[in-house]
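Peer 1: Contents are compact mmCIF, C-alpha atoms; file name entry-v9.txt:
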```txt
# COMPACT_ATOMS: atom_id res chain seq x y z
CA MET A 155 0.00 0.00 0.00
CA GLN A 156 1.31 3.40 -0.92
CA ASN A 157 2.32 5.85 1.77
CA PHE A 158 0.51 9.18 2.08
CA HIS A 159 0.78 12.54 3.77
CA TYR A 160 -1.01 12.76 7.12
CA TYR A 161 -1.93 16.07 8.74
CA LYS A 162 -3.57 16.84 12.05
CA PRO A 163 -4.71 20.46 12.33
CA VAL A 164 -5.88 21.56 15.77
CA SER A 165 -8.33 24.28 14.78
CA MET A 166 -10.76 25.10 11.97
CA THR A 167 -8.48 27.94 10.88
CA GLU A 168 -5.52 25.60 10.65
CA LEU A 169 -7.69 23.03 8.88
CA TRP A 170 -8.60 25.34 6.01
CA ALA A 171 -5.04 26.71 5.78
CA THR A 172 -3.77 23.11 5.48
CA ILE A 173 -6.41 22.25 2.88
CA SER A 174 -5.62 25.27 0.74
CA GLU A 175 -1.95 24.29 0.61
CA ILE A 176 -2.66 20.76 -0.62
CA SER A 177 -2.59 20.32 -4.37
CA GLY A 178 -4.85 17.43 -5.24
CA SER A 179 -7.80 15.92 -3.43
CA PRO A 180 -7.42 15.75 0.33
CA VAL A 181 -9.48 13.24 2.28
CA PHE A 182 -11.03 14.24 5.60
CA LEU A 183 -10.59 11.60 8.32
CA SER A 184 -12.49 11.17 11.55
CA GLY A 185 -13.47 7.56 12.40
CA GLY A 186 -11.92 5.97 9.31
CA THR A 187 -14.03 2.83 9.66
CA ASP A 188 -15.13 2.97 6.02
CA LEU A 189 -12.17 4.89 4.60
CA PHE A 190 -9.50 2.39 5.62
CA PRO A 191 -11.30 -0.77 4.46
CA GLU A 192 -11.83 0.93 1.09
CA MET A 193 -8.18 1.88 0.97
CA LYS A 194 -7.08 -1.64 1.88
CA LEU A 195 -9.30 -3.07 -0.86
CA GLY A 196 -7.70 -0.73 -3.36
CA LYS A 197 -10.96 1.15 -3.95
CA ARG A 198 -9.42 4.45 -2.91
CA SER A 199 -5.90 5.70 -3.15
CA LEU A 200 -4.95 8.32 -0.62
CA ASP A 201 -2.33 10.99 -1.10
CA HIS A 202 -3.33 13.49 1.57
CA VAL A 203 -5.25 12.51 4.70
CA VAL A 204 -6.39 15.32 6.97
CA ASP A 205 -7.31 14.03 10.42
CA VAL A 206 -9.91 16.33 11.96
CA LYS A 207 -10.01 14.62 15.37
CA GLY A 208 -7.72 17.25 16.87
CA ILE A 209 -10.27 20.01 16.24
CA SER A 210 -12.29 20.43 19.42
CA GLU A 211 -14.72 22.81 17.66
CA LEU A 212 -16.04 19.76 15.79
CA GLU A 213 -16.78 17.74 18.87
CA PHE A 214 -20.26 18.74 19.93
CA ALA A 215 -23.73 17.31 20.27
CA SER A 216 -26.24 19.76 21.59
CA SER A 217 -29.94 20.04 21.98
CA GLU A 218 -31.76 22.95 23.52
CA GLU A 219 -35.39 22.62 24.62
CA ASN A 220 -37.46 22.08 21.47
CA GLN A 221 -34.60 23.28 19.33
CA ALA A 222 -32.79 21.33 16.65
CA ILE A 223 -30.16 18.80 17.62
CA ARG A 224 -26.73 19.64 16.24
CA ILE A 225 -24.04 17.01 16.00
CA GLY A 226 -20.44 17.76 15.05
CA ALA A 227 -18.11 15.79 12.83
CA ASN A 228 -16.04 14.35 15.69
CA MET A 229 -18.85 12.83 17.75
CA THR A 230 -18.37 9.07 17.74
CA LEU A 231 -21.55 6.99 17.54
CA SER A 232 -20.84 5.58 21.02
CA ASN A 233 -20.46 9.02 22.56
CA LEU A 234 -23.63 10.13 20.81
CA LEU A 235 -25.58 7.17 22.20
CA GLU A 236 -24.37 7.88 25.72
CA LYS A 237 -25.77 11.40 25.72
CA ASP A 238 -29.35 11.99 26.73
CA LEU A 239 -29.99 13.81 23.52
CA PHE A 240 -32.94 12.30 21.73
CA PRO A 241 -36.53 13.13 22.67
CA PRO A 242 -39.12 10.30 22.55
CA SER A 243 -40.08 11.18 18.98
CA MET A 244 -36.48 10.55 17.88
CA VAL A 245 -35.85 7.27 19.70
CA PHE A 246 -36.07 5.43 16.38
CA LEU A 247 -32.99 7.36 15.18
CA LYS A 248 -31.15 6.27 18.32
CA GLN A 249 -32.15 2.65 17.63
CA ALA A 250 -30.87 2.94 14.09
CA ILE A 251 -27.53 4.35 15.25
CA SER A 252 -27.22 1.52 17.81
CA SER A 253 -27.53 -0.99 15.00
CA ILE A 254 -24.56 0.36 13.05
CA GLY A 255 -21.55 -1.96 12.99
CA SER A 256 -20.26 -3.33 16.25
CA LEU A 257 -19.25 -1.74 19.53
CA GLN A 258 -15.64 -1.42 18.37
CA ILE A 259 -16.78 0.30 15.18
CA ARG A 260 -19.17 2.64 17.01
CA ASN A 261 -16.33 3.65 19.32
CA ARG A 262 -14.59 5.23 16.31
CA ALA A 263 -17.21 5.82 13.61
CA THR A 264 -19.16 9.06 13.34
CA LEU A 265 -22.70 9.94 12.21
CA ILE A 266 -21.41 12.37 9.61
CA GLY A 267 -19.05 9.69 8.32
CA ASN A 268 -21.97 7.28 7.99
CA ILE A 269 -23.91 9.87 5.97
CA CYS A 270 -20.95 10.87 3.76
CA ARG A 271 -20.10 7.22 3.01
CA ALA A 272 -23.45 7.25 1.16
CA SER A 273 -23.95 3.53 1.44
CA PRO A 274 -27.37 2.55 0.10
CA ALA A 275 -27.70 0.36 3.21
CA SER A 276 -26.89 3.07 5.74
CA ASP A 277 -28.89 2.63 8.94
CA SER A 278 -28.81 6.27 10.00
CA VAL A 279 -29.99 7.74 6.69
CA PRO A 280 -33.65 6.59 6.59
CA PRO A 281 -34.50 8.00 10.05
CA LEU A 282 -32.53 11.16 9.30
CA ILE A 283 -34.53 11.68 6.12
CA CYS A 284 -37.76 11.06 8.04
CA LEU A 285 -36.77 13.84 10.43
CA GLY A 286 -35.74 16.28 7.69
CA ALA A 287 -32.12 16.35 8.86
CA LYS A 288 -29.63 18.62 7.12
CA VAL A 289 -25.87 18.54 6.70
CA LYS A 290 -23.71 21.64 6.89
CA ILE A 291 -21.09 21.78 4.14
CA GLU A 292 -18.10 24.06 4.65
CA ASP A 293 -15.11 24.96 2.52
CA GLY A 294 -13.33 27.49 4.71
CA ARG A 295 -15.09 30.45 3.15
CA ASN A 296 -18.79 29.57 3.10
CA GLY A 297 -21.17 27.17 4.79
CA ARG A 298 -24.42 25.87 3.38
CA TYR A 299 -27.11 23.50 4.65
CA LEU A 300 -28.50 20.73 2.48
CA GLU A 301 -31.18 18.17 3.32
CA VAL A 302 -29.67 14.69 3.70
CA GLU A 303 -32.11 13.46 1.07
CA ASP A 304 -30.68 15.89 -1.48
CA PHE A 305 -27.10 15.51 -0.28
CA LEU A 306 -26.93 11.84 -1.31
CA LYS A 307 -26.61 11.28 -5.06
CA GLY A 308 -25.89 7.58 -5.42
CA PRO A 309 -23.85 4.74 -3.92
CA GLY A 310 -20.75 6.37 -2.46
CA GLN A 311 -21.65 9.70 -4.07
CA THR A 312 -22.62 12.94 -2.39
CA GLN A 313 -22.90 16.62 -3.29
CA LEU A 314 -19.49 17.28 -1.73
CA GLU A 315 -17.01 19.00 -4.03
CA GLU A 316 -13.27 18.68 -3.65
CA LYS A 317 -11.96 20.34 -0.46
CA GLU A 318 -15.44 20.54 1.08
CA MET A 319 -16.35 18.93 4.34
CA VAL A 320 -19.51 18.21 6.31
CA THR A 321 -18.98 19.75 9.73
CA GLU A 322 -22.44 19.32 11.28
CA VAL A 323 -25.69 17.40 11.08
CA MET A 324 -28.74 19.42 12.13
CA ILE A 325 -31.87 17.48 13.06
CA PRO A 326 -35.01 19.57 13.57
CA ASN A 327 -36.96 18.66 16.67
CA PRO A 328 -40.41 17.51 15.55
CA SER A 329 -43.19 19.65 16.93
CA GLY A 330 -46.46 18.21 18.21
CA LYS A 331 -47.15 14.57 18.92
CA SER A 332 -45.11 12.30 16.70
CA THR A 333 -43.04 9.15 16.70
CA GLY A 334 -40.99 6.95 14.44
CA SER A 335 -40.21 3.31 13.96
CA PHE A 336 -37.04 1.76 12.57
CA ILE A 337 -36.72 -1.89 11.63
CA LYS A 338 -33.61 -3.50 10.21
CA ALA A 339 -33.43 -6.97 8.72
CA ASP A 340 -30.02 -8.60 8.77
CA ARG A 341 -28.54 -12.08 8.51
CA VAL A 342 -26.70 -12.01 11.82
CA SER A 343 -26.29 -9.34 14.42
CA LYS A 344 -23.68 -6.64 13.70
CA ASP A 345 -24.35 -6.94 9.96
CA LEU A 346 -25.17 -4.59 7.12
CA ALA A 347 -28.91 -4.32 6.50
CA ILE A 348 -30.56 -6.58 3.98
CA VAL A 349 -33.38 -4.06 4.13
CA ASN A 350 -34.11 -1.32 6.61
CA VAL A 351 -37.23 0.78 6.97
CA ALA A 352 -37.89 4.00 8.85
CA VAL A 353 -41.39 5.39 9.32
CA PHE A 354 -42.32 8.68 10.95
CA ILE A 355 -45.88 9.69 11.82
CA LYS A 356 -47.20 12.92 13.19
CA LEU A 357 -50.64 13.45 14.75
CA ASP A 358 -52.82 16.50 14.24
CA SER A 359 -53.81 18.69 17.17
CA ASP A 360 -56.88 16.64 18.17
CA GLY A 361 -54.70 13.53 18.33
CA THR A 362 -56.77 11.26 16.08
CA THR A 363 -55.55 11.85 12.54
CA CYS A 364 -52.20 11.45 10.84
CA SER A 365 -51.13 14.92 9.73
CA ASP A 366 -47.74 13.97 8.30
CA ALA A 367 -45.96 10.76 7.43
CA LYS A 368 -42.61 9.67 6.08
CA ILE A 369 -41.70 6.23 4.82
CA VAL A 370 -38.03 5.71 3.91
CA LEU A 371 -36.45 2.45 2.75
CA GLY A 372 -32.77 1.53 2.85
CA ALA A 373 -30.71 -1.04 0.93
CA VAL A 374 -33.27 -1.27 -1.88
CA GLY A 375 -32.03 1.41 -4.25
CA PRO A 376 -28.92 3.43 -5.07
CA THR A 377 -29.84 5.78 -2.23
CA ALA A 378 -32.55 5.63 0.42
CA VAL A 379 -36.01 5.50 -1.15
CA ARG A 380 -38.86 7.80 -0.10
CA VAL A 381 -42.25 6.15 -0.57
CA LYS A 382 -44.15 9.36 -1.27
CA ALA A 383 -47.27 7.62 -2.54
CA GLY A 384 -47.41 5.62 0.69
CA GLU A 385 -46.93 8.78 2.73
CA HIS A 386 -49.85 10.52 0.97
CA LEU A 387 -51.99 7.49 1.60
CA LEU A 388 -51.47 7.70 5.36
CA ILE A 389 -52.00 11.44 5.70
CA GLY A 390 -55.53 12.33 6.77
CA LYS A 391 -56.35 8.82 7.96
CA THR A 392 -57.36 7.91 11.52
CA ILE A 393 -54.43 6.79 13.59
CA SER A 394 -56.26 3.70 14.84
CA ASN A 395 -56.85 2.51 11.32
CA LEU A 396 -53.92 3.41 9.10
CA PRO A 397 -53.84 1.57 5.76
CA SER A 398 -50.45 0.01 6.49
CA ASP A 399 -50.95 -2.92 4.14
CA GLU A 400 -51.72 -0.69 1.15
CA ALA A 401 -48.82 1.60 2.05
CA ALA A 402 -46.58 -1.46 2.17
CA ASP A 403 -47.76 -2.42 -1.35
CA LEU A 404 -46.73 1.04 -2.53
CA ALA A 405 -43.37 0.65 -0.80
CA VAL A 406 -42.70 -2.51 -2.77
CA LYS A 407 -43.60 -0.69 -6.00
CA SER A 408 -41.19 2.14 -5.11
CA CYS A 409 -38.12 0.07 -4.40
CA ARG A 410 -35.48 -1.14 -6.83
CA PRO A 411 -33.45 -3.75 -4.97
CA ILE A 412 -30.59 -5.75 -6.41
CA SER A 413 -29.52 -9.30 -5.63
CA ASP A 414 -26.21 -9.46 -3.81
CA VAL A 415 -24.35 -11.54 -1.26
CA ARG A 416 -26.85 -10.67 1.46
CA ALA A 417 -30.14 -11.42 -0.31
CA THR A 418 -31.97 -11.69 -3.61
CA ALA A 419 -34.02 -8.81 -5.00
CA ASP A 420 -37.21 -10.85 -4.54
CA TYR A 421 -36.47 -11.53 -0.89
CA ARG A 422 -35.77 -7.85 -0.36
CA LYS A 423 -39.13 -6.93 -1.91
CA ALA A 424 -40.85 -9.40 0.40
CA LEU A 425 -39.03 -7.87 3.37
CA VAL A 426 -39.95 -4.34 2.29
CA HIS A 427 -43.62 -5.27 2.47
CA VAL A 428 -43.41 -6.90 5.89
CA LEU A 429 -41.14 -4.29 7.49
CA THR A 430 -43.05 -1.28 6.11
CA ARG A 431 -46.35 -2.68 7.35
CA ARG A 432 -44.84 -3.46 10.78
CA ALA A 433 -43.09 -0.12 11.11
CA ILE A 434 -46.29 1.81 10.32
CA ASN A 435 -48.29 -0.32 12.76
CA ASN A 436 -45.62 0.09 15.47
CA ALA A 437 -45.52 3.85 15.11
CA ALA A 438 -49.33 4.10 15.04
CA LYS A 439 -49.67 1.90 18.11
CA ASP A 440 -47.08 3.97 19.92
CA LEU A 441 -49.04 7.16 19.24
CA TYR A 442 -52.42 5.59 19.83
CA LEU A 443 -51.50 4.18 23.22
CA HIS A 444 -49.70 7.23 24.61
CA MET B 262 4.11 14.51 6.48
CA LEU B 263 4.96 11.00 5.37
CA THR B 264 6.72 9.73 8.51
CA HIS B 265 6.07 10.55 12.13
CA CYS B 266 7.80 10.09 15.44
CA ILE B 267 5.03 9.02 17.77
CA HIS B 268 4.61 8.05 21.41
CA LEU B 269 2.44 5.12 22.38
CA ILE B 270 1.63 4.23 25.97
CA VAL B 271 1.01 0.52 25.83
CA ASN B 272 0.27 -1.44 29.00
CA GLU B 273 1.59 1.51 31.00
CA THR B 274 4.92 1.53 29.19
CA LYS B 275 5.94 4.47 26.99
CA TYR B 276 7.27 3.69 23.55
CA GLU B 277 8.78 6.09 21.02
CA VAL B 278 8.37 4.79 17.46
CA GLU B 279 9.05 6.05 13.98
CA VAL B 280 6.11 5.20 11.68
CA GLU B 281 4.96 5.89 8.16
CA SER B 282 1.48 7.41 7.75
CA LYS B 283 0.19 4.19 6.19
CA GLU B 284 1.13 1.89 9.09
CA PHE B 285 -1.76 0.59 11.17
CA LEU B 286 -1.69 0.22 14.94
CA SER B 287 -2.09 -3.57 14.78
CA ASP B 288 1.07 -3.87 12.67
CA VAL B 289 3.08 -1.51 14.85
CA LEU B 290 2.04 -3.33 18.04
CA ARG B 291 3.07 -6.67 16.56
CA ASP B 292 6.05 -5.84 14.38
CA LYS B 293 7.69 -2.90 16.11
CA LEU B 294 6.71 -3.35 19.76
CA HIS B 295 6.76 -7.15 19.48
CA LEU B 296 3.45 -7.44 21.29
CA THR B 297 2.12 -10.28 19.20
CA GLY B 298 -0.84 -11.08 21.45
CA THR B 299 -3.04 -8.87 19.26
CA LYS B 300 -3.98 -10.78 16.12
CA GLU B 301 -5.00 -9.60 12.68
CA SER B 302 -7.57 -11.67 10.82
CA CYS B 303 -9.83 -9.76 8.43
CA GLY B 304 -8.02 -6.42 8.51
CA MET B 305 -11.37 -4.69 7.87
CA GLY B 306 -12.75 -4.18 11.37
CA ASP B 307 -15.32 -6.96 10.97
CA CYS B 308 -13.94 -9.87 12.99
CA GLY B 309 -12.62 -8.17 16.13
CA ALA B 310 -9.48 -10.32 16.42
CA CYS B 311 -7.36 -7.15 16.59
CA THR B 312 -9.40 -5.58 19.41
CA VAL B 313 -7.44 -3.51 21.92
CA ILE B 314 -8.57 -0.97 24.48
CA MET B 315 -7.62 2.59 23.60
CA ASP B 316 -8.47 5.48 25.91
CA GLY B 317 -10.80 3.14 27.79
CA VAL B 318 -12.87 1.78 24.89
CA THR B 319 -12.52 -1.21 22.58
CA VAL B 320 -11.37 -0.50 19.05
CA THR B 321 -10.25 -2.57 16.09
CA SER B 322 -6.57 -1.74 15.81
CA CYS B 323 -6.44 -2.78 12.15
CA LEU B 324 -8.43 0.35 11.29
CA ILE B 325 -6.43 2.81 13.33
CA LEU B 326 -3.31 4.38 11.89
CA ALA B 327 -0.40 4.22 14.32
CA VAL B 328 -0.09 7.98 13.97
CA GLU B 329 -3.73 8.37 15.09
CA ALA B 330 -2.78 6.56 18.30
CA ASP B 331 0.00 9.03 19.12
CA GLY B 332 -0.20 9.91 22.81
CA LYS B 333 -3.00 7.43 23.51
CA GLU B 334 -3.17 4.89 26.32
CA ILE B 335 -3.52 1.42 24.93
CA VAL B 336 -4.13 -1.87 26.70
CA THR B 337 -3.43 -5.14 24.92
CA VAL B 338 -3.95 -8.70 26.12
CA GLU B 339 -0.34 -8.72 27.37
CA GLY B 340 -1.27 -5.99 29.82
CA ILE B 341 -4.19 -7.35 31.78
CA ALA B 342 -2.59 -9.94 34.04
CA PRO B 343 -1.89 -8.50 37.51
CA GLY B 344 1.68 -9.80 37.56
CA ASN B 345 3.51 -12.25 39.85
CA GLY B 346 2.77 -15.05 37.41
CA GLU B 347 -0.97 -14.66 38.01
CA LEU B 348 -3.47 -14.44 35.19
CA HIS B 349 -6.43 -12.08 35.04
CA SER B 350 -9.74 -13.70 36.08
CA ILE B 351 -10.95 -13.49 32.49
CA GLN B 352 -7.92 -15.42 31.26
CA LYS B 353 -8.34 -18.03 34.01
CA LYS B 354 -12.01 -18.55 33.26
CA PHE B 355 -11.45 -18.79 29.50
CA SER B 356 -9.03 -21.61 30.24
CA GLU B 357 -11.26 -23.32 32.87
CA PHE B 358 -14.41 -23.16 30.77
CA GLY B 359 -12.79 -24.44 27.57
CA ALA B 360 -13.51 -21.13 25.83
CA ILE B 361 -10.29 -21.39 23.81
CA GLN B 362 -9.95 -23.75 20.85
CA CYS B 363 -7.64 -22.46 18.14
CA GLY B 364 -7.03 -19.34 20.21
CA PHE B 365 -7.01 -16.86 17.37
CA CYS B 366 -10.08 -14.89 18.45
CA THR B 367 -9.12 -15.17 22.10
CA PRO B 368 -7.07 -12.01 22.70
CA GLY B 369 -9.72 -9.86 21.01
CA MET B 370 -12.50 -11.62 22.94
CA ILE B 371 -10.66 -11.13 26.20
CA MET B 372 -10.20 -7.41 25.54
CA SER B 373 -13.90 -6.99 24.76
CA ALA B 374 -14.69 -8.91 27.96
CA LYS B 375 -12.25 -6.75 29.94
CA ALA B 376 -13.82 -3.54 28.67
CA LEU B 377 -17.28 -4.88 29.58
CA LEU B 378 -16.31 -5.91 33.11
CA ASP B 379 -14.47 -2.64 33.67
CA ARG B 380 -17.74 -0.76 33.20
CA ASN B 381 -20.31 -3.37 34.27
CA GLN B 382 -19.48 -5.80 37.09
CA THR B 383 -22.79 -7.66 36.84
CA PRO B 384 -23.51 -8.15 33.16
CA SER B 385 -26.53 -10.10 32.03
CA GLU B 386 -26.15 -12.74 29.34
CA ALA B 387 -27.60 -10.29 26.82
CA GLU B 388 -25.06 -7.66 27.82
CA ILE B 389 -22.20 -10.14 27.47
CA LYS B 390 -23.41 -11.12 24.01
CA ASP B 391 -23.66 -7.50 23.04
CA ALA B 392 -20.15 -6.77 24.30
CA ILE B 393 -18.62 -9.57 22.22
CA GLY B 394 -20.93 -8.97 19.23
CA GLY B 395 -18.00 -7.53 17.28
CA ASN B 396 -15.76 -10.54 17.92
CA LEU B 397 -16.16 -13.56 15.66
CA CYS B 398 -15.21 -17.10 16.73
CA ARG B 399 -15.18 -19.90 14.18
CA CYS B 400 -14.44 -22.67 16.68
CA THR B 401 -16.41 -22.58 19.91
CA GLY B 402 -19.96 -21.58 19.06
CA TYR B 403 -19.62 -18.82 21.70
CA ILE B 404 -21.41 -20.61 24.55
CA LYS B 405 -18.29 -21.38 26.56
CA ILE B 406 -16.96 -17.89 25.92
CA ILE B 407 -20.15 -16.37 27.33
CA ARG B 408 -20.01 -18.67 30.36
CA ALA B 409 -16.34 -17.85 30.93
CA ILE B 410 -17.09 -14.13 30.94
CA ALA B 411 -19.98 -14.63 33.36
CA GLY B 412 -17.65 -16.73 35.51
CA ALA B 413 -15.02 -14.01 35.45
CA ALA B 414 -17.62 -11.45 36.52
CA GLU B 415 -18.51 -13.66 39.50
CA ASP B 416 -14.84 -14.13 40.31
CA LEU B 417 -14.12 -10.41 40.23
CA LYS B 418 -17.14 -9.70 42.42
CA GLN B 419 -15.92 -12.21 45.00
CA GLN B 420 -12.43 -10.77 44.91
CA GLU B 421 -13.86 -7.36 45.61
CA ARG B 422 -15.75 -8.64 48.63
CA SER B 423 -12.66 -10.23 50.17
```
Would you put the structure from the file into structure tokens?
Peer 2:
Amino acid sequence: MQNFHYYKPVSMTELWATISEISGSPVFLSGGTDLFPEMKLGKRSLDHVVDVKGISELEFASSEENQAIRIGANMTLSNLLEKDLFPPSMVFLKQAISSIGSLQIRNRATLIGNICRASPASDSVPPLICLGAKVKIEDGRNGRYLEVEDFLKGPGQTQLEEKEMVTEVMIPNPSGKSTGSFIKADRVSKDLAIVNVAVFIKLDSDGTTCSDAKIVLGAVGPTAVRVKAGEHLLIGKTISNLPSDEAADLAVKSCRPISDVRATADYRKALVHVLTRRAINNAAKDLYLH
Amino acid sequence: MLTHCIHLIVNETKYEVEVESKEFLSDVLRDKLHLTGTKESCGMGDCGACTVIMDGVTVTSCLILAVEADGKEIVTVEGIAPGNGELHSIQKKFSEFGAIQCGFCTPGMIMSAKALLDRNQTPSEAEIKDAIGGNLCRCTGYIKIIRAIAGAAEDLKQQERS
């Protein structure tokens, strides 16, 4: 394996000064749990690796009362899970994060890294899309926010240009009574998803009708798949009688799975139906009973 | 920079090592510090054979550049025995319960067990399984490993009482 330049700036100012002096494409490193396997497999060649772990300004996870949750690039998944950060309506995101990798991986990996890896099977992405999460992209001069759904372009592809970095994930705190459900199907524990499904349902002010819904599927398309037709079907319906079966049919129609080492496309479609139906019913039950 | 002079604190001993950027911690531990207890199997962070404890948490050393570990406190399987020829309770129980067959997963398993028992003295079976979820064993079927860890927890609790 070829050697490379390694830098470790200790502030954002130093980071951008270092980046500007690099000719070529620098790679930003935090957890490295996807970067290094790719490098070892020869899928990426690295010339300049900029380790951002020394930048304390990137290590934050904050949530004010009813305000958005903001998570910095250096928050490991384990540290994130230890914080009492997620309100009840976001517990399904916490469950999804807990299902990423193994304990050893979560002790190094970061949420932003998981998003930027843009794996079609990412566990964090479907719940983040349900919640309307945004990434903050910086280049040393400007910063812009982009919805996660728009940030991801395809497998391993994002809207990041050369010398740009995601420094923050911002997750709006859902208002009103709402909840989500996340279900992941895998072969063994600590595995990549065969299929994962995240559903988010919001109740209207009288607490009987679904006022908003999101259905997002993972590992069944080049990026996470929004089942917009299924979402429209649920909106306006009574919470005690959501048409989860019909919505699940629409989910199957929306997905484009492939056959790979983990499962066949047909099996994935079957799973999409079951998991979508269950996730909708779980979320509805949660709202109905509380 | 392409090469770095780094300091690793491994099992409470300070080492000064010259490393290239591309060298991983697992290789430096084994080849430069001659601490060959840590094994490399998949090299991709999937199997857990290379698990060490760094700054108090378990990590797969095959995915950490040596230069990233500069200044960090690392514990490997060579560092957990109390000394005087005695083994750590976890090591004793692994041996007693027959939790070692080929032995290749063992150091990584023991480090995951150590990290668990350091933070949770009374783990349930589910918690033990979760703690070793990132460590694969092709030989034992895990049952004896789980029992050995539970046995070590009991042992450590009794030691604390006396």
Peer 1: Using all atoms listed in the file, find the residues of chain B whose closest atom to chain A is at most 12 Å away, then write them as a compact mmCIF listing (two decimals) with C-alpha atoms, in the coordinates of the input.
Peer 2:
```
# COMPACT_ATOMS: atom_id res chain seq x y z
CA MET B 262 4.11 14.51 6.48
CA LEU B 263 4.96 11.00 5.37
CA THR B 264 6.72 9.73 8.51
CA HIS B 265 6.07 10.55 12.13
CA VAL B 280 6.11 5.20 11.68
CA GLU B 281 4.96 5.89 8.16
CA SER B 282 1.48 7.41 7.75
CA LYS B 283 0.19 4.19 6.19
CA GLU B 284 1.13 1.89 9.09
CA PHE B 285 -1.76 0.59 11.17
CA CYS B 303 -9.83 -9.76 8.43
CA GLY B 304 -8.02 -6.42 8.51
CA MET B 305 -11.37 -4.69 7.87
CA GLY B 306 -12.75 -4.18 11.37
CA ASP B 307 -15.32 -6.96 10.97
CA CYS B 308 -13.94 -9.87 12.99
CA GLY B 309 -12.62 -8.17 16.13
CA ALA B 310 -9.48 -10.32 16.42
CA CYS B 311 -7.36 -7.15 16.59
CA THR B 312 -9.40 -5.58 19.41
CA VAL B 313 -7.44 -3.51 21.92
CA ILE B 314 -8.57 -0.97 24.48
CA MET B 315 -7.62 2.59 23.60
CA ASP B 316 -8.47 5.48 25.91
CA GLY B 317 -10.80 3.14 27.79
CA VAL B 318 -12.87 1.78 24.89
CA THR B 319 -12.52 -1.21 22.58
CA VAL B 320 -11.37 -0.50 19.05
CA THR B 321 -10.25 -2.57 16.09
CA SER B 322 -6.57 -1.74 15.81
CA CYS B 323 -6.44 -2.78 12.15
CA LEU B 324 -8.43 0.35 11.29
CA ILE B 325 -6.43 2.81 13.33
CA LEU B 326 -3.31 4.38 11.89
CA ALA B 327 -0.40 4.22 14.32
CA VAL B 328 -0.09 7.98 13.97
CA GLU B 329 -3.73 8.37 15.09
CA ALA B 330 -2.78 6.56 18.30
CA ASP B 331 0.00 9.03 19.12
CA GLY B 369 -9.72 -9.86 21.01
CA MET B 370 -12.50 -11.62 22.94
CA MET B 372 -10.20 -7.41 25.54
CA SER B 373 -13.90 -6.99 24.76
CA ALA B 374 -14.69 -8.91 27.96
CA ALA B 376 -13.82 -3.54 28.67
CA LEU B 377 -17.28 -4.88 29.58
CA GLU B 388 -25.06 -7.66 27.82
CA ILE B 389 -22.20 -10.14 27.47
CA LYS B 390 -23.41 -11.12 24.01
CA ASP B 391 -23.66 -7.50 23.04
CA ALA B 392 -20.15 -6.77 24.30
CA ILE B 393 -18.62 -9.57 22.22
CA GLY B 394 -20.93 -8.97 19.23
CA GLY B 395 -18.00 -7.53 17.28
CA ASN B 396 -15.76 -10.54 17.92
CA LEU B 397 -16.16 -13.56 15.66
```
Peer 1: Considering all atoms listed in the file, can you say which of A:Ala437, A:Val289, A:Val204, A:Val302 comes closest to A:Ala171?
Peer 2: A:Val204
Peer 1: Would you be able to write out as a PyMOL selection string which residues have an atom within 9 Å of (-6.6, 26.1, 16.8) in the file's coordinates, counting all atoms listed in the file?
Peer 2: chain A and resi 163-169+208-211
Peer 1: Which polymer residues have any atom within 10 Å of an atom of A:Leu387, counting all atoms listed in the file, with same-chain residues fewer than 4 positions away left out, as a PDB file with C-alpha atoms, in the frame of the given file?
Peer 2:
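So the final result, stored in out07.pdb, reads:
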```pdb
ATOM      1  CA  ALA A 367     -45.960  10.760   7.430  1.00  0.00           C
ATOM      2  CA  LYS A 382     -44.150   9.360  -1.270  1.00  0.00           C
ATOM      3  CA  ALA A 383     -47.270   7.620  -2.540  1.00  0.00           C
ATOM      4  CA  LYS A 391     -56.350   8.820   7.960  1.00  0.00           C
ATOM      5  CA  LEU A 396     -53.920   3.410   9.100  1.00  0.00           C
ATOM      6  CA  PRO A 397     -53.840   1.570   5.760  1.00  0.00           C
ATOM      7  CA  SER A 398     -50.450   0.010   6.490  1.00  0.00           C
ATOM      8  CA  GLU A 400     -51.720  -0.690   1.150  1.00  0.00           C
ATOM      9  CA  ALA A 401     -48.820   1.600   2.050  1.00  0.00           C
ATOM     10  CA  LEU A 404     -46.730   1.040  -2.530  1.00  0.00           C
TER      11      LEU A 404
END
```
Peer 1: Skip B:Thr383 itself and residues of its chain fewer than 5 positions away, then list as a ChimeraX atom specification all residues within 12 Å of it, counting all atoms listed in the file.
Peer 2: /B:377-378,388-389,410-419
Peer 1: Have a look at atom CA of B:Cys366 and atom CA of B:Leu348 and let me know their distance in Å, one decimal.
Peer 2: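 Between atom CA of B:Cys366 and atom CA of B:Leu348 the gap is 18.0 Å.
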Peer 1: Counting all atoms listed in the file, find residues at most 12 Å from (-20.9, -21.0, 25.7) (file frame) and give them as a short mmCIF file (atom, residue, chain, number, x, y, z; two decimals) with C-alpha atoms, keeping the file's coordinate frame.
Peer 2:
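What ended up in part.cif:
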```cif
data_model
loop_
_atom_site.label_atom_id
_atom_site.label_comp_id
_atom_site.auth_asym_id
_atom_site.auth_seq_id
_atom_site.Cartn_x
_atom_site.Cartn_y
_atom_site.Cartn_z
CA LYS B 354 -12.01 -18.55 33.26
CA PHE B 355 -11.45 -18.79 29.50
CA PHE B 358 -14.41 -23.16 30.77
CA GLY B 359 -12.79 -24.44 27.57
CA ALA B 360 -13.51 -21.13 25.83
CA ILE B 361 -10.29 -21.39 23.81
CA GLU B 386 -26.15 -12.74 29.34
CA ILE B 389 -22.20 -10.14 27.47
CA LYS B 390 -23.41 -11.12 24.01
CA CYS B 398 -15.21 -17.10 16.73
CA CYS B 400 -14.44 -22.67 16.68
CA THR B 401 -16.41 -22.58 19.91
CA GLY B 402 -19.96 -21.58 19.06
CA TYR B 403 -19.62 -18.82 21.70
CA ILE B 404 -21.41 -20.61 24.55
CA LYS B 405 -18.29 -21.38 26.56
CA ILE B 406 -16.96 -17.89 25.92
CA ILE B 407 -20.15 -16.37 27.33
CA ARG B 408 -20.01 -18.67 30.36
CA ALA B 409 -16.34 -17.85 30.93
CA ILE B 410 -17.09 -14.13 30.94
CA ALA B 411 -19.98 -14.63 33.36
CA GLY B 412 -17.65 -16.73 35.51
#
```
